[in-house]
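Peer 1: Quick one: structure below, then a few questions.
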Amino acid sequence: MTTWQEHLPAVRGRYVPGARLAEQTWFRVGGPADVLFRPADEDDLAHFLLNKPESVPVTIIGAGSNLLVRDGGLPGVVVRLGRGFSEIRIEDDLIHVGGGCLDRTVALTCRDSGLGHLEFLVGIPGTIGGAVRMNAGAYGREMKDILVYAQALDPQGKRHRLTPEDLEMTYRHTNLTEGWIVTGAVLRGVKDQDPVEIGAALDAILAEREATQPTRGRTGGSTFKNPTSEKAWKLIDTAGCRGLKVGDAQVSEKHCNFLLNLDQATANDLESLGEEVKRRVYETSGISLEWEIIKVGH
């Protein structure tokens, strides 16, 4: 154990030195974390942030669905939100959710309670915390359309309540900087809707995803953001990248804005493939694609 690890504060959650992060991400690649921290609840996390050594970097990961951890792993402490951040509570037309809740679970809970207009969440892989942080969206809607406010901790563990205006939410973007952690959110739906109709809408979204996306592969969701005037997948296809491989990484033939780990790909394979796609798209269209997948580590 290094000197800084010996000075981590006592917590009610769990520290796991040398945790394998490949097991925490959908791509199933990446090196280890120096320390993985699973806080017991928001108080535990706030205590950790306030009392940890200032020099220790902190990285938050959710479900690992939109994340590429590089092969060298992550220095410092990696925080993963668990059971203490999985609350779901509905009051009138509002739903209070923990930052660790899966988006899909929230959509299904809303269905069962007759709370409508949040169906698009079933099409977003990952957690509410991650969805808020990147203003995730699908099927014509995004988080800023339903967010009342987010609960977040700053790097010193201080609590904040942030509205969409505070967060300056735009396409796949908020102003949250490194070290801020979304611990929960309050979302607004439309109450007293027919659960059967909501369920039918959810089923339609899931069926479309199954038909058009490689949902059963080791992927990280959409790789690149859509430029203002074009669809990323179309630019990638036009550039001749459908099915392109680097090592055991491949551009999906089903939906070419998805990268796949066919079996033994490394994070470097996936990142190199993405950069080659970017190069070819720029060469053919003059458009520079921007990564939507978050790349971390060294």
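Chain labels follow the order of the structure tokens: the first chain is A, the next B, and so on; residue numbering restarts at 1 in every chain, and ligands are counted from 1 in their shown order.
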Quick one: residues within 12 Å of Glu165 of chain A, only C-alpha atoms counted, chain neighbours fewer than 6 positions away excluded, as JSON, numbers by chain?

Peer 2: {"A": [144, 145, 147, 148, 149, 150, 174, 175]}

Peer 1: Any chance you could export the current selection's N, CA and C atoms as an mmCIF file, in the first residue's frame?

Peer 2:
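That gives us part-v3.cif:
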```cif
data_model
loop_
_atom_site.group_PDB
_atom_site.id
_atom_site.type_symbol
_atom_site.label_atom_id
_atom_site.label_comp_id
_atom_site.auth_asym_id
_atom_site.auth_seq_id
_atom_site.Cartn_x
_atom_site.Cartn_y
_atom_site.Cartn_z
ATOM 1 N N LYS A 144 -32.296 17.269 -19.832
ATOM 2 C CA LYS A 144 -32.691 18.635 -19.482
ATOM 3 C C LYS A 144 -34.189 18.865 -19.639
ATOM 4 N N ASP A 145 -34.863 17.996 -20.417
ATOM 5 C CA ASP A 145 -36.306 18.127 -20.614
ATOM 6 C C ASP A 145 -37.109 17.675 -19.396
ATOM 7 N N LEU A 147 -35.428 17.168 -16.049
ATOM 8 C CA LEU A 147 -34.728 17.412 -14.792
ATOM 9 C C LEU A 147 -35.282 18.643 -14.075
ATOM 10 N N VAL A 148 -35.680 18.466 -12.819
ATOM 11 C CA VAL A 148 -36.058 19.590 -11.967
ATOM 12 C C VAL A 148 -34.791 20.132 -11.303
ATOM 13 N N TYR A 149 -34.067 19.253 -10.634
ATOM 14 C CA TYR A 149 -32.745 19.618 -10.129
ATOM 15 C C TYR A 149 -31.936 18.354 -9.865
ATOM 16 N N ALA A 150 -30.629 18.518 -9.863
ATOM 17 C CA ALA A 150 -29.713 17.439 -9.512
ATOM 18 C C ALA A 150 -29.084 17.735 -8.165
ATOM 19 N N THR A 174 -22.831 19.258 -19.942
ATOM 20 C CA THR A 174 -23.137 20.145 -18.821
ATOM 21 C C THR A 174 -21.832 20.830 -18.435
ATOM 22 N N ASN A 175 -21.933 21.773 -17.505
ATOM 23 C CA ASN A 175 -20.726 22.481 -17.091
ATOM 24 C C ASN A 175 -20.045 21.846 -15.883
#
```

Peer 1: Quick one: contact table of segment 18-38 of chain A to segment 236-258 of chain A, 12 Å max, nearest atom pair and distance in Å to one decimal per residue, counting only C-alpha atoms, chain and number order, as a tab-separated table?

Peer 2:
```
residue	atom	partner	partner_atom	distance
A:Phe27	CA	A:Ala249	CA	10.0
A:Arg28	CA	A:Ala249	CA	11.8
A:Val29	CA	A:Ala249	CA	10.9
```

Peer 1: Please produce a file of the residues just selected, as a short mmCIF file (atom, residue, chain, number, x, y, z; two decimals), in the first residue's frame, where the atoms kept are all heavy atoms.

Peer 2:
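Result file again-v4.cif:
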```cif
data_model
loop_
_atom_site.label_atom_id
_atom_site.label_comp_id
_atom_site.auth_asym_id
_atom_site.auth_seq_id
_atom_site.Cartn_x
_atom_site.Cartn_y
_atom_site.Cartn_z
N PHE A 27 -17.36 -2.34 -22.07
CA PHE A 27 -16.39 -2.79 -23.04
C PHE A 27 -15.58 -3.98 -22.53
O PHE A 27 -15.00 -4.72 -23.32
CB PHE A 27 -15.41 -1.66 -23.38
CG PHE A 27 -15.86 -0.74 -24.48
CD1 PHE A 27 -15.87 0.63 -24.28
CD2 PHE A 27 -16.24 -1.23 -25.72
CE1 PHE A 27 -16.25 1.50 -25.30
CE2 PHE A 27 -16.62 -0.38 -26.75
CZ PHE A 27 -16.64 0.99 -26.53
N ARG A 28 -15.51 -4.14 -21.22
CA ARG A 28 -14.72 -5.20 -20.57
C ARG A 28 -13.23 -5.07 -20.90
O ARG A 28 -12.55 -6.07 -21.16
CB ARG A 28 -15.25 -6.59 -20.96
CG ARG A 28 -16.63 -6.90 -20.41
CD ARG A 28 -16.59 -6.98 -18.89
NE ARG A 28 -17.85 -7.41 -18.31
CZ ARG A 28 -18.79 -6.60 -17.83
NH1 ARG A 28 -18.62 -5.30 -17.88
NH2 ARG A 28 -19.89 -7.08 -17.29
N VAL A 29 -12.75 -3.83 -20.88
CA VAL A 29 -11.32 -3.59 -21.09
C VAL A 29 -10.85 -2.57 -20.06
O VAL A 29 -11.66 -1.91 -19.39
CB VAL A 29 -11.03 -3.05 -22.51
CG1 VAL A 29 -11.47 -4.03 -23.58
CG2 VAL A 29 -11.67 -1.68 -22.73
#
```

Peer 1: When you count only C-alpha atoms, which of these residues is closest to Ala138 of chain A: A:Asp93, A:Glu208, A:Glu54, A:Glu168?

Peer 2: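 Of A:Asp93, A:Glu208, A:Glu54, A:Glu168, the one nearest Ala138 of chain A, counting only C-alpha atoms, is A:Glu208.
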
Peer 1: Could you find all residues in segment 158-188 of chain A that DSSP calls helix (DSSP H, G or I) from the backbone, and write them as an NGL selection string?

Peer 2: :A and (164-167)

Peer 1: Compile the contact shell of Leu176 of chain A as an MDAnalysis selection string: residues with an atom at most 10 Å away, counting only C-alpha atoms, same-chain residues fewer than 6 positions apart removed.

Peer 2: chainID A and resid 132:134 152 154 166:169 182

Peer 1: Just the number, please: distance in Å from atom CA of Val11 of chain A to atom CA of Gly179 of chain A, one decimal.

Peer 2: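 Separation of atom CA of Val11 of chain A and atom CA of Gly179 of chain A: 18.6 Å.
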
Peer 1: Do you know which residues are at most 10 Å from Asp44 of chain A counting only C-alpha atoms, after dropping those on the same chain fewer than 2 positions away, and could you put them as a list in words?

Peer 2: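 Selected residues are Ala10, Val11, Arg12, Gly13, Arg38, Pro39, Ala40, Asp41, Glu42, Ala46, His47, Phe48, Leu49, Gly84 and Gly157 of chain A.
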
Peer 1: So, with only C-alpha atoms as the atoms that count, which of A:Asp263, A:Glu276, A:Glu290, A:Asp192 lies closest to Asn226 of chain A?

Peer 2: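 When distances to Asn226 of chain A are compared using only C-alpha atoms, the smallest one comes from A:Glu290.
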
Peer 1: Just want the 9 Å neighbourhood of Gly123 of chain A, counted on only C-alpha atoms, with same-chain residues fewer than 4 positions away dropped. Output as a short mmCIF file (atom, residue, chain, number, x, y, z; two decimals) with N, CA and C atoms, in the first residue's frame.

Peer 2:
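Here's the written file result.cif:
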```cif
data_model
loop_
_atom_site.label_atom_id
_atom_site.label_comp_id
_atom_site.auth_asym_id
_atom_site.auth_seq_id
_atom_site.Cartn_x
_atom_site.Cartn_y
_atom_site.Cartn_z
N ASP A 103 -30.94 3.94 -15.53
CA ASP A 103 -31.97 4.66 -16.26
C ASP A 103 -33.14 3.75 -16.61
N ARG A 104 -32.83 2.55 -17.02
CA ARG A 104 -33.88 1.60 -17.40
C ARG A 104 -34.78 1.28 -16.20
N GLU A 119 -40.38 7.79 -20.78
CA GLU A 119 -40.14 6.50 -21.41
C GLU A 119 -38.77 6.42 -22.10
N GLY A 137 -29.49 11.56 -23.86
CA GLY A 137 -30.79 11.61 -24.50
C GLY A 137 -30.99 10.46 -25.47
N ALA A 138 -32.24 10.30 -25.89
CA ALA A 138 -32.59 9.27 -26.87
C ALA A 138 -34.00 9.54 -27.36
N TYR A 139 -34.23 9.20 -28.63
CA TYR A 139 -35.58 9.26 -29.20
C TYR A 139 -36.21 10.65 -29.05
N LEU A 202 -42.45 1.69 -24.01
CA LEU A 202 -41.16 1.13 -23.61
C LEU A 202 -40.79 -0.06 -24.50
N ILE A 205 -39.53 1.09 -27.86
CA ILE A 205 -38.15 1.62 -27.81
C ILE A 205 -37.15 0.47 -27.72
N LEU A 206 -37.44 -0.49 -26.84
CA LEU A 206 -36.52 -1.62 -26.68
C LEU A 206 -36.43 -2.45 -27.95
N ARG A 209 -34.25 -0.57 -30.42
CA ARG A 209 -32.83 -0.70 -30.05
C ARG A 209 -32.28 -2.06 -30.44
#
```

Peer 1: Tell me, in Å to one decimal, how far atom CA of Lys231 of chain A is from atom CA of Arg216 of chain A.

Peer 2: 22.7 Å

Peer 1: Run DSSP on the backbone of this structure and report the residues of segment 119-153 of chain A it assigns to strand (DSSP E), as a list in words.

Peer 2: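 Residues of segment 119-153 of chain A classed as strand (DSSP E): Gly137, Ala138, Arg141, Glu142, Leu147, Val148, Tyr149, Ala150, Gln151, Ala152 and Leu153 of chain A.
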
Peer 1: So that I can check the surroundings of Trp291 of chain A, please list as number ranges by chain every protein, DNA and RNA residue that reaches within 7 Å of it, counting only C-alpha atoms and ignoring chain neighbours fewer than 6 positions away.

Peer 2: A: 223-225

Peer 1: Include all heavy atoms and write out the residues we just selected as an mmCIF file, in the first residue's frame.

Peer 2:
```cif
data_model
loop_
_atom_site.group_PDB
_atom_site.id
_atom_site.type_symbol
_atom_site.label_atom_id
_atom_site.label_comp_id
_atom_site.auth_asym_id
_atom_site.auth_seq_id
_atom_site.Cartn_x
_atom_site.Cartn_y
_atom_site.Cartn_z
ATOM 1 N N THR A 223 -20.521 6.122 -29.979
ATOM 2 C CA THR A 223 -19.109 6.472 -29.849
ATOM 3 C C THR A 223 -18.870 7.962 -30.025
ATOM 4 O O THR A 223 -18.106 8.572 -29.271
ATOM 5 C CB THR A 223 -18.277 5.701 -30.891
ATOM 6 O OG1 THR A 223 -18.530 4.297 -30.750
ATOM 7 C CG2 THR A 223 -16.793 5.963 -30.707
ATOM 8 N N PHE A 224 -19.538 8.550 -31.023
ATOM 9 C CA PHE A 224 -19.317 9.961 -31.344
ATOM 10 C C PHE A 224 -20.618 10.750 -31.261
ATOM 11 O O PHE A 224 -21.693 10.235 -31.548
ATOM 12 C CB PHE A 224 -18.717 10.109 -32.753
ATOM 13 C CG PHE A 224 -17.395 9.418 -32.924
ATOM 14 C CD1 PHE A 224 -17.293 8.221 -33.613
ATOM 15 C CD2 PHE A 224 -16.246 9.968 -32.369
ATOM 16 C CE1 PHE A 224 -16.070 7.581 -33.763
ATOM 17 C CE2 PHE A 224 -15.017 9.334 -32.517
ATOM 18 C CZ PHE A 224 -14.929 8.139 -33.214
ATOM 19 N N LYS A 225 -20.494 12.013 -30.885
ATOM 20 C CA LYS A 225 -21.646 12.906 -30.880
ATOM 21 C C LYS A 225 -22.057 13.203 -32.324
ATOM 22 O O LYS A 225 -21.215 13.231 -33.225
ATOM 23 C CB LYS A 225 -21.299 14.213 -30.176
ATOM 24 C CG LYS A 225 -20.886 14.046 -28.724
ATOM 25 C CD LYS A 225 -20.478 15.381 -28.114
ATOM 26 C CE LYS A 225 -20.001 15.219 -26.684
ATOM 27 N NZ LYS A 225 -19.591 16.505 -26.076
#
```

Peer 1: Pick out the closest residue to Ala136 of chain A from this set: A:Pro155, A:Gly98, A:Pro214, A:Gly221. Count only C-alpha atoms.

Peer 2: A:Gly221

Peer 1: Quick one: residues within 9 Å of Ser65 of chain A, only C-alpha atoms, excluding same-chain residues fewer than 2 positions away - as a PDB file with all heavy atoms, in the first residue's frame?

Peer 2:
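See result.pdb below for the written result:
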```pdb
ATOM      1  N   GLN A  24     -15.860  -3.603 -14.545  1.00  0.00           N
ATOM      2  CA  GLN A  24     -16.825  -2.565 -14.211  1.00  0.00           C
ATOM      3  C   GLN A  24     -17.359  -1.836 -15.446  1.00  0.00           C
ATOM      4  O   GLN A  24     -18.225  -0.975 -15.316  1.00  0.00           O
ATOM      5  CB  GLN A  24     -16.180  -1.524 -13.283  1.00  0.00           C
ATOM      6  CG  GLN A  24     -15.473  -2.097 -12.070  1.00  0.00           C
ATOM      7  CD  GLN A  24     -16.429  -2.696 -11.059  1.00  0.00           C
ATOM      8  OE1 GLN A  24     -17.570  -2.281 -10.944  1.00  0.00           O
ATOM      9  NE2 GLN A  24     -15.955  -3.691 -10.318  1.00  0.00           N
ATOM     10  N   THR A  25     -16.840  -2.143 -16.644  1.00  0.00           N
ATOM     11  CA  THR A  25     -17.248  -1.419 -17.836  1.00  0.00           C
ATOM     12  C   THR A  25     -17.864  -2.347 -18.865  1.00  0.00           C
ATOM     13  O   THR A  25     -17.557  -3.535 -18.920  1.00  0.00           O
ATOM     14  CB  THR A  25     -16.058  -0.695 -18.485  1.00  0.00           C
ATOM     15  OG1 THR A  25     -15.172  -1.658 -19.062  1.00  0.00           O
ATOM     16  CG2 THR A  25     -15.297   0.137 -17.457  1.00  0.00           C
ATOM     17  N   TRP A  26     -18.711  -1.779 -19.702  1.00  0.00           N
ATOM     18  CA  TRP A  26     -19.395  -2.589 -20.715  1.00  0.00           C
ATOM     19  C   TRP A  26     -18.441  -3.089 -21.793  1.00  0.00           C
ATOM     20  O   TRP A  26     -18.694  -4.135 -22.391  1.00  0.00           O
ATOM     21  CB  TRP A  26     -20.526  -1.773 -21.346  1.00  0.00           C
ATOM     22  CG  TRP A  26     -21.712  -1.613 -20.432  1.00  0.00           C
ATOM     23  CD1 TRP A  26     -21.704  -1.627 -19.075  1.00  0.00           C
ATOM     24  CD2 TRP A  26     -23.068  -1.415 -20.814  1.00  0.00           C
ATOM     25  NE1 TRP A  26     -22.967  -1.440 -18.578  1.00  0.00           N
ATOM     26  CE2 TRP A  26     -23.833  -1.303 -19.629  1.00  0.00           C
ATOM     27  CE3 TRP A  26     -23.716  -1.289 -22.036  1.00  0.00           C
ATOM     28  CZ2 TRP A  26     -25.207  -1.102 -19.644  1.00  0.00           C
ATOM     29  CZ3 TRP A  26     -25.087  -1.080 -22.052  1.00  0.00           C
ATOM     30  CH2 TRP A  26     -25.820  -0.994 -20.872  1.00  0.00           C
ATOM     31  N   PHE A  27     -17.365  -2.338 -22.067  1.00  0.00           N
ATOM     32  CA  PHE A  27     -16.387  -2.790 -23.044  1.00  0.00           C
ATOM     33  C   PHE A  27     -15.581  -3.985 -22.534  1.00  0.00           C
ATOM     34  O   PHE A  27     -14.995  -4.724 -23.318  1.00  0.00           O
ATOM     35  CB  PHE A  27     -15.412  -1.663 -23.385  1.00  0.00           C
ATOM     36  CG  PHE A  27     -15.857  -0.743 -24.480  1.00  0.00           C
ATOM     37  CD1 PHE A  27     -15.866   0.628 -24.280  1.00  0.00           C
ATOM     38  CD2 PHE A  27     -16.245  -1.233 -25.723  1.00  0.00           C
ATOM     39  CE1 PHE A  27     -16.251   1.495 -25.296  1.00  0.00           C
ATOM     40  CE2 PHE A  27     -16.624  -0.376 -26.745  1.00  0.00           C
ATOM     41  CZ  PHE A  27     -16.640   0.991 -26.529  1.00  0.00           C
ATOM     42  N   GLY A  62     -20.133   5.294 -13.297  1.00  0.00           N
ATOM     43  CA  GLY A  62     -21.486   4.820 -13.030  1.00  0.00           C
ATOM     44  C   GLY A  62     -21.594   3.346 -13.373  1.00  0.00           C
ATOM     45  O   GLY A  62     -20.929   2.500 -12.777  1.00  0.00           O
ATOM     46  N   ALA A  63     -22.397   3.053 -14.394  1.00  0.00           N
ATOM     47  CA  ALA A  63     -22.532   1.664 -14.836  1.00  0.00           C
ATOM     48  C   ALA A  63     -21.406   1.264 -15.776  1.00  0.00           C
ATOM     49  O   ALA A  63     -21.317   0.107 -16.171  1.00  0.00           O
ATOM     50  CB  ALA A  63     -23.882   1.461 -15.524  1.00  0.00           C
ATOM     51  N   LEU A  67     -17.992   4.426 -21.141  1.00  0.00           N
ATOM     52  CA  LEU A  67     -16.676   4.687 -20.578  1.00  0.00           C
ATOM     53  C   LEU A  67     -15.627   3.761 -21.182  1.00  0.00           C
ATOM     54  O   LEU A  67     -15.843   2.558 -21.304  1.00  0.00           O
ATOM     55  CB  LEU A  67     -16.734   4.462 -19.064  1.00  0.00           C
ATOM     56  CG  LEU A  67     -15.492   4.800 -18.249  1.00  0.00           C
ATOM     57  CD1 LEU A  67     -15.294   6.309 -18.179  1.00  0.00           C
ATOM     58  CD2 LEU A  67     -15.630   4.215 -16.838  1.00  0.00           C
ATOM     59  N   LEU A  68     -14.482   4.354 -21.543  1.00  0.00           N
ATOM     60  CA  LEU A  68     -13.335   3.573 -21.988  1.00  0.00           C
ATOM     61  C   LEU A  68     -12.186   3.844 -21.031  1.00  0.00           C
ATOM     62  O   LEU A  68     -11.637   4.949 -20.987  1.00  0.00           O
ATOM     63  CB  LEU A  68     -12.946   3.960 -23.421  1.00  0.00           C
ATOM     64  CG  LEU A  68     -11.765   3.186 -24.017  1.00  0.00           C
ATOM     65  CD1 LEU A  68     -12.093   1.701 -24.127  1.00  0.00           C
ATOM     66  CD2 LEU A  68     -11.383   3.755 -25.384  1.00  0.00           C
ATOM     67  N   PRO A 125     -28.432   3.536 -21.835  1.00  0.00           N
ATOM     68  CA  PRO A 125     -27.672   2.669 -20.936  1.00  0.00           C
ATOM     69  C   PRO A 125     -26.963   3.500 -19.877  1.00  0.00           C
ATOM     70  O   PRO A 125     -26.543   4.623 -20.143  1.00  0.00           O
ATOM     71  CB  PRO A 125     -26.671   1.985 -21.873  1.00  0.00           C
ATOM     72  CG  PRO A 125     -26.478   2.965 -22.984  1.00  0.00           C
ATOM     73  CD  PRO A 125     -27.808   3.654 -23.170  1.00  0.00           C
ATOM     74  N   GLY A 126     -26.868   2.964 -18.674  1.00  0.00           N
ATOM     75  CA  GLY A 126     -26.136   3.676 -17.643  1.00  0.00           C
ATOM     76  C   GLY A 126     -27.007   4.122 -16.489  1.00  0.00           C
ATOM     77  O   GLY A 126     -28.134   3.656 -16.310  1.00  0.00           O
ATOM     78  N   THR A 127     -26.464   5.031 -15.687  1.00  0.00           N
ATOM     79  CA  THR A 127     -27.123   5.475 -14.467  1.00  0.00           C
ATOM     80  C   THR A 127     -27.623   6.913 -14.594  1.00  0.00           C
ATOM     81  O   THR A 127     -27.221   7.658 -15.481  1.00  0.00           O
ATOM     82  CB  THR A 127     -26.146   5.427 -13.281  1.00  0.00           C
ATOM     83  OG1 THR A 127     -25.050   6.332 -13.545  1.00  0.00           O
ATOM     84  CG2 THR A 127     -25.612   4.011 -13.053  1.00  0.00           C
ATOM     85  N   THR A 219     -19.971  -3.322 -25.969  1.00  0.00           N
ATOM     86  CA  THR A 219     -19.894  -2.014 -26.595  1.00  0.00           C
ATOM     87  C   THR A 219     -20.011  -0.929 -25.541  1.00  0.00           C
ATOM     88  O   THR A 219     -20.214  -1.216 -24.357  1.00  0.00           O
ATOM     89  CB  THR A 219     -20.992  -1.868 -27.664  1.00  0.00           C
ATOM     90  OG1 THR A 219     -20.825  -0.620 -28.344  1.00  0.00           O
ATOM     91  CG2 THR A 219     -22.382  -1.928 -27.049  1.00  0.00           C
ATOM     92  N   GLY A 220     -19.906   0.319 -25.970  1.00  0.00           N
ATOM     93  CA  GLY A 220     -19.999   1.430 -25.032  1.00  0.00           C
ATOM     94  C   GLY A 220     -21.060   2.433 -25.426  1.00  0.00           C
ATOM     95  O   GLY A 220     -20.986   3.589 -25.031  1.00  0.00           O
ATOM     96  N   GLY A 221     -22.044   1.995 -26.217  1.00  0.00           N
ATOM     97  CA  GLY A 221     -23.049   2.936 -26.682  1.00  0.00           C
ATOM     98  C   GLY A 221     -22.514   3.787 -27.814  1.00  0.00           C
ATOM     99  O   GLY A 221     -21.499   3.468 -28.442  1.00  0.00           O
ATOM    100  N   ILE A 293     -18.115   8.862 -26.048  1.00  0.00           N
ATOM    101  CA  ILE A 293     -17.577   7.978 -25.019  1.00  0.00           C
ATOM    102  C   ILE A 293     -16.503   8.721 -24.236  1.00  0.00           C
ATOM    103  O   ILE A 293     -15.673   9.443 -24.799  1.00  0.00           O
ATOM    104  CB  ILE A 293     -16.996   6.701 -25.658  1.00  0.00           C
ATOM    105  CG1 ILE A 293     -18.148   5.788 -26.119  1.00  0.00           C
ATOM    106  CG2 ILE A 293     -16.062   5.958 -24.712  1.00  0.00           C
ATOM    107  CD1 ILE A 293     -17.680   4.587 -26.908  1.00  0.00           C
TER     108      ILE A 293
END
```

Peer 1: Quick check, in Å to one decimal: how far apart do atom CA of Asn51 of chain A and atom CA of Gly64 of chain A lie?

Peer 2: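 Answer for the atom CA of Asn51 of chain A to atom CA of Gly64 of chain A separation: 26.2 Å.
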
Peer 1: Between A:Gly114, A:Arg14, A:Val56, A:Pro195, which one has atoms that come closest to Glu91 of chain A, using only C-alpha atoms?

Peer 2: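 Using only C-alpha atoms, Glu91 of chain A sits closest to A:Gly114.
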